[in-house]
Every structure is written in structure tokens, then in C-alpha cells.
$ cat structure.txt   # compact mmCIF, C-alpha atoms
# COMPACT_ATOMS: atom_id res chain seq x y z
CA MET A 1 122.21 90.81 83.30
CA VAL A 2 122.16 92.98 86.38
CA THR A 3 123.94 91.72 89.45
CA TYR A 4 123.32 92.86 92.99
CA ASN A 5 123.53 91.17 96.33
CA GLU A 6 120.67 89.90 98.46
CA ASN A 7 120.96 92.73 100.98
CA THR A 8 120.61 95.34 98.24
CA ARG A 9 117.59 93.52 96.82
CA LYS A 10 115.90 93.41 100.23
CA LEU A 11 116.65 97.09 100.81
CA LEU A 12 115.14 98.03 97.43
CA ILE A 13 112.03 95.96 98.13
CA ASP A 14 111.63 97.60 101.54
CA LEU A 15 112.10 101.04 100.00
CA HIS A 16 109.45 100.36 97.35
CA THR A 17 107.06 98.92 99.92
CA VAL A 18 107.37 101.91 102.26
CA THR A 19 107.05 104.39 99.39
CA LEU A 20 103.97 102.70 97.93
CA VAL A 21 102.24 102.15 101.26
CA ASP A 22 102.82 105.77 102.23
CA ALA A 23 101.40 106.99 98.91
CA LEU A 24 98.38 104.69 99.20
CA SER A 25 97.74 105.73 102.78
CA LYS A 26 97.77 109.41 101.88
CA ALA A 27 95.70 108.99 98.70
CA GLU A 28 93.05 106.79 100.28
CA GLY A 29 93.04 108.25 103.78
CA LYS A 30 93.56 104.82 105.30
CA PRO A 31 96.00 103.67 107.98
CA ALA A 32 99.36 102.50 106.66
CA THR A 33 98.92 99.07 108.25
CA GLU A 34 95.71 98.55 106.28
CA CYS A 35 97.41 99.63 103.06
CA LEU A 36 100.37 97.37 103.77
CA ARG A 37 98.11 94.36 104.27
CA ALA A 38 96.27 95.14 101.05
CA PHE A 39 99.53 95.60 99.13
CA MET A 40 100.98 92.36 100.46
CA ALA A 41 97.94 90.48 99.11
CA THR A 42 98.60 91.56 95.50
CA ARG A 43 100.35 89.87 92.60
CA THR A 44 102.41 93.04 92.20
CA PHE A 45 103.84 92.53 95.69
CA ASP A 46 104.54 88.88 94.90
CA LEU A 47 106.38 89.89 91.74
CA LEU A 48 108.33 92.53 93.66
CA GLN A 49 109.53 89.76 96.02
CA ASP A 50 110.65 87.56 93.11
CA ALA A 51 114.40 87.99 92.64
CA ASP A 52 114.18 86.83 89.03
CA SER A 53 111.74 89.59 88.07
CA TYR A 54 114.15 92.46 88.83
CA LEU A 55 111.05 94.56 89.56
CA CYS A 56 112.80 96.06 92.58
CA LEU A 57 115.17 97.81 90.14
CA GLU A 58 112.29 99.77 88.61
CA SER A 59 111.10 103.09 90.00
CA PRO A 60 108.40 103.23 92.68
CA ALA A 61 106.20 105.04 90.13
CA TYR A 62 106.51 102.07 87.76
CA VAL A 63 105.54 99.63 90.51
CA MET A 64 102.64 101.90 91.55
CA ASP A 65 101.39 101.88 87.95
CA MET A 66 101.44 98.09 88.00
CA LEU A 67 99.56 98.06 91.29
CA GLU A 68 96.94 100.47 90.00
CA ALA A 69 96.45 98.34 86.88
CA GLU A 70 96.06 95.23 89.04
CA ARG A 71 93.58 96.91 91.37
CA ALA A 72 91.55 98.03 88.35
CA GLY A 73 91.56 94.48 86.99
CA ASP A 74 93.38 95.67 83.89
CA TRP A 75 95.62 92.62 83.43
CA ASP A 76 96.65 93.63 79.91
CA ARG A 77 98.07 96.90 81.24
CA TRP A 78 99.56 95.11 84.26
CA LEU A 79 101.43 92.70 81.99
CA GLU A 80 102.40 95.54 79.65
CA VAL A 81 103.98 97.58 82.40

$ encode --input "structure.txt" --output "C-alpha cells"
Amino acid sequence: MVTYNENTRKLLIDLHTVTLVDALSKAEGKPATECLRAFMATRTFDLLQDADSYLCLESPAYVMDMLEAERAGDWDRWLEV
């Protein structure tokens, strides 16, 4: 079991969020605020917030793959990731 404090968890979540929103904004040519709102409405974001999931310890690329699977409606791939 991995242990880390709440401040570290929040920092990792913020880092992932900024990284993903920046990538989405650049890829889609949309404002970052629009991408942030869209990201915050996903199950991937909810799971990232869940301390028991440890998703914040994964790489941003891993989380982005989950997000892309979710956006494509590919729940099998989303669960697999």
C-alpha cells in the first residue's frame, strides 16, 4: 500500500488536471476554461479525485488514455486502463 499525505495527493491531482487541460486545449483549439469544465464533468475526473483509487499516482498519459476512452464511450478500455 502506498502512503502519501493529503497535500501531496492534492498537488498530484492539480498537476494532472493542469497537464490534461493544457493538452486538451492545444489539441482541440478550445479555451482552457472550456476544457477544464468538460474534464470536471467526467468519470475520469471523479476517479482522479477519489483518494482510494490512487489514480493520481499514475502518469498524466495514463489518465489521458482513460479520458480518451471515456470520451469515445469505450467503457471496456476505460475499465481496462

$ closest_residue --input "structure.txt" --among "A:Glu34, A:Glu28, A:Asp50, A:Asp74" --to "Ile13 in chain A" --atoms "all atoms listed in the file"
A:Asp50

$ atom_distance --input "structure.txt" --atom1 "CA of Leu55 in chain A" --atom2 "CA of Lys26 in chain A"
23.4 Å

$ closest_residue --input "structure.txt" --among "A:Arg37, A:Ala51, A:Ser25, A:Thr44" --to "Lys10 in chain A" --atoms "all atoms listed in the file"
A:Ala51

$ residues_around --input "structure.txt" --residues "Tyr62 in chain A" --least-positions-apart "6" --cutoff "12 Å" --atoms "only C-alpha atoms" --output "list of chain:residue names"
A:His16, A:Thr19, A:Leu20, A:Thr44, A:Leu48, A:Leu55, A:Cys56, A:Glu68, A:Ala69, A:Arg77, A:Trp78, A:Glu80, A:Val81

$ write_last_selection --input "structure.txt" --atoms "C-alpha atoms" --output "short mmCIF file (atom, residue, chain, number, x, y, z; two decimals), in the coordinates of the input"
data_model
loop_
_atom_site.label_atom_id
_atom_site.label_comp_id
_atom_site.auth_asym_id
_atom_site.auth_seq_id
_atom_site.Cartn_x
_atom_site.Cartn_y
_atom_site.Cartn_z
CA HIS A 16 109.45 100.36 97.35
CA THR A 19 107.05 104.39 99.39
CA LEU A 20 103.97 102.70 97.93
CA THR A 44 102.41 93.04 92.20
CA LEU A 48 108.33 92.53 93.66
CA LEU A 55 111.05 94.56 89.56
CA CYS A 56 112.80 96.06 92.58
CA GLU A 68 96.94 100.47 90.00
CA ALA A 69 96.45 98.34 86.88
CA ARG A 77 98.07 96.90 81.24
CA TRP A 78 99.56 95.11 84.26
CA GLU A 80 102.40 95.54 79.65
CA VAL A 81 103.98 97.58 82.40
#

$ closest_residue --input "structure.txt" --among "A:Val21, A:Gln49, A:Glu6, A:Leu11" --to "Met64 in chain A" --atoms "only C-alpha atoms"
A:Val21

$ closest_residue --input "structure.txt" --among "A:Asp46, A:Gly73, A:Glu58, A:Leu36" --to "Leu24 in chain A" --atoms "all atoms listed in the file"
A:Leu36

$ closest_residue --input "structure.txt" --among "A:Ala27, A:Leu67, A:Val18, A:Ala32" --to "Phe45 in chain A" --atoms "all atoms listed in the file"
A:Leu67

$ atom_distance --input "structure.txt" --atom1 "CA of Asp22 in chain A" --atom2 "CA of Arg71 in chain A"
16.8 Å

$ atom_distance --input "structure.txt" --atom1 "CA of Arg9 in chain A" --atom2 "CA of Ala23 in chain A"
21.2 Å

$ closest_residue --input "structure.txt" --among "A:Asp52, A:Leu57, A:Ala41, A:Cys35" --to "Glu70 in chain A" --atoms "all atoms listed in the file"
A:Ala41

$ decode --input "structure.txt" --residues "chain A" --atoms "C-alpha atoms" --output "mmCIF file, in the first residue's frame"
data_model
loop_
_atom_site.group_PDB
_atom_site.id
_atom_site.type_symbol
_atom_site.label_atom_id
_atom_site.label_comp_id
_atom_site.auth_asym_id
_atom_site.auth_seq_id
_atom_site.Cartn_x
_atom_site.Cartn_y
_atom_site.Cartn_z
ATOM 1 C CA MET A 1 0.000 0.000 0.000
ATOM 2 C CA VAL A 2 1.272 3.416 -0.955
ATOM 3 C CA THR A 3 1.167 6.127 1.653
ATOM 4 C CA TYR A 4 1.244 9.840 0.989
ATOM 5 C CA ASN A 5 -0.229 12.816 2.725
ATOM 6 C CA GLU A 6 -3.276 14.808 1.694
ATOM 7 C CA ASN A 7 -1.231 17.782 0.487
ATOM 8 C CA THR A 8 0.788 15.563 -1.851
ATOM 9 C CA ARG A 9 -2.399 13.980 -3.192
ATOM 10 C CA LYS A 10 -3.945 17.394 -3.890
ATOM 11 C CA LEU A 11 -0.759 18.575 -5.578
ATOM 12 C CA LEU A 12 -0.681 15.496 -7.825
ATOM 13 C CA ILE A 13 -4.344 15.955 -8.748
ATOM 14 C CA ASP A 14 -3.731 19.613 -9.585
ATOM 15 C CA LEU A 15 -0.679 18.696 -11.657
ATOM 16 C CA HIS A 16 -2.645 16.088 -13.619
ATOM 17 C CA THR A 17 -5.552 18.470 -14.125
ATOM 18 C CA VAL A 18 -3.357 21.288 -15.443
ATOM 19 C CA THR A 19 -1.401 18.921 -17.700
ATOM 20 C CA LEU A 20 -4.526 17.322 -19.169
ATOM 21 C CA VAL A 21 -6.423 20.572 -19.622
ATOM 22 C CA ASP A 22 -3.425 22.147 -21.346
ATOM 23 C CA ALA A 23 -3.096 19.162 -23.693
ATOM 24 C CA LEU A 24 -6.823 19.173 -24.470
ATOM 25 C CA SER A 25 -6.833 22.911 -25.076
ATOM 26 C CA LYS A 26 -3.960 22.675 -27.537
ATOM 27 C CA ALA A 27 -5.290 19.570 -29.312
ATOM 28 C CA GLU A 28 -8.843 20.858 -29.670
ATOM 29 C CA GLY A 29 -8.121 24.555 -30.091
ATOM 30 C CA LYS A 30 -10.515 25.423 -27.285
ATOM 31 C CA PRO A 31 -10.060 27.740 -24.302
ATOM 32 C CA ALA A 32 -8.602 26.077 -21.216
ATOM 33 C CA THR A 33 -11.632 27.053 -19.129
ATOM 34 C CA GLU A 34 -13.913 25.168 -21.517
ATOM 35 C CA CYS A 35 -11.659 22.119 -21.401
ATOM 36 C CA LEU A 36 -11.490 22.286 -17.614
ATOM 37 C CA ARG A 37 -15.280 22.347 -17.326
ATOM 38 C CA ALA A 38 -15.557 19.398 -19.700
ATOM 39 C CA PHE A 39 -12.881 17.442 -17.817
ATOM 40 C CA MET A 40 -14.504 18.116 -14.458
ATOM 41 C CA ALA A 41 -17.754 16.595 -15.761
ATOM 42 C CA THR A 42 -16.139 13.199 -16.488
ATOM 43 C CA ARG A 43 -15.954 9.972 -14.529
ATOM 44 C CA THR A 44 -12.194 10.049 -15.049
ATOM 45 C CA PHE A 45 -12.009 13.322 -13.122
ATOM 46 C CA ASP A 46 -14.203 11.863 -10.377
ATOM 47 C CA LEU A 47 -11.914 8.857 -10.105
ATOM 48 C CA LEU A 48 -8.862 11.125 -10.026
ATOM 49 C CA GLN A 49 -10.402 12.895 -7.007
ATOM 50 C CA ASP A 50 -11.010 9.592 -5.196
ATOM 51 C CA ALA A 51 -8.193 9.042 -2.702
ATOM 52 C CA ASP A 52 -8.832 5.292 -2.670
ATOM 53 C CA SER A 53 -8.250 4.949 -6.418
ATOM 54 C CA TYR A 54 -4.600 6.094 -6.316
ATOM 55 C CA LEU A 55 -5.126 7.327 -9.884
ATOM 56 C CA CYS A 56 -3.179 10.478 -9.060
ATOM 57 C CA LEU A 57 -0.063 8.288 -8.750
ATOM 58 C CA GLU A 58 -0.312 7.260 -12.410
ATOM 59 C CA SER A 59 1.250 9.275 -15.221
ATOM 60 C CA PRO A 60 -0.689 12.055 -16.940
ATOM 61 C CA ALA A 61 -0.504 9.968 -20.143
ATOM 62 C CA TYR A 62 -2.277 7.097 -18.370
ATOM 63 C CA VAL A 63 -5.033 9.410 -17.136
ATOM 64 C CA MET A 64 -5.326 10.965 -20.618
ATOM 65 C CA ASP A 65 -5.781 7.483 -22.097
ATOM 66 C CA MET A 66 -8.598 6.855 -19.630
ATOM 67 C CA LEU A 67 -10.187 10.177 -20.538
ATOM 68 C CA GLU A 68 -9.961 9.450 -24.255
ATOM 69 C CA ALA A 69 -11.554 6.031 -23.729
ATOM 70 C CA GLU A 70 -14.361 7.621 -21.719
ATOM 71 C CA ARG A 71 -14.973 10.316 -24.312
ATOM 72 C CA ALA A 72 -15.143 7.640 -27.017
ATOM 73 C CA GLY A 73 -17.653 5.677 -24.943
ATOM 74 C CA ASP A 74 -15.243 2.752 -24.801
ATOM 75 C CA TRP A 75 -16.018 1.659 -21.231
ATOM 76 C CA ASP A 76 -14.220 -1.670 -21.618
ATOM 77 C CA ARG A 77 -10.981 0.154 -22.431
ATOM 78 C CA TRP A 78 -11.668 2.739 -19.717
ATOM 79 C CA LEU A 79 -12.010 -0.008 -17.107
ATOM 80 C CA GLU A 80 -9.011 -1.844 -18.530
ATOM 81 C CA VAL A 81 -6.730 1.144 -18.230
#
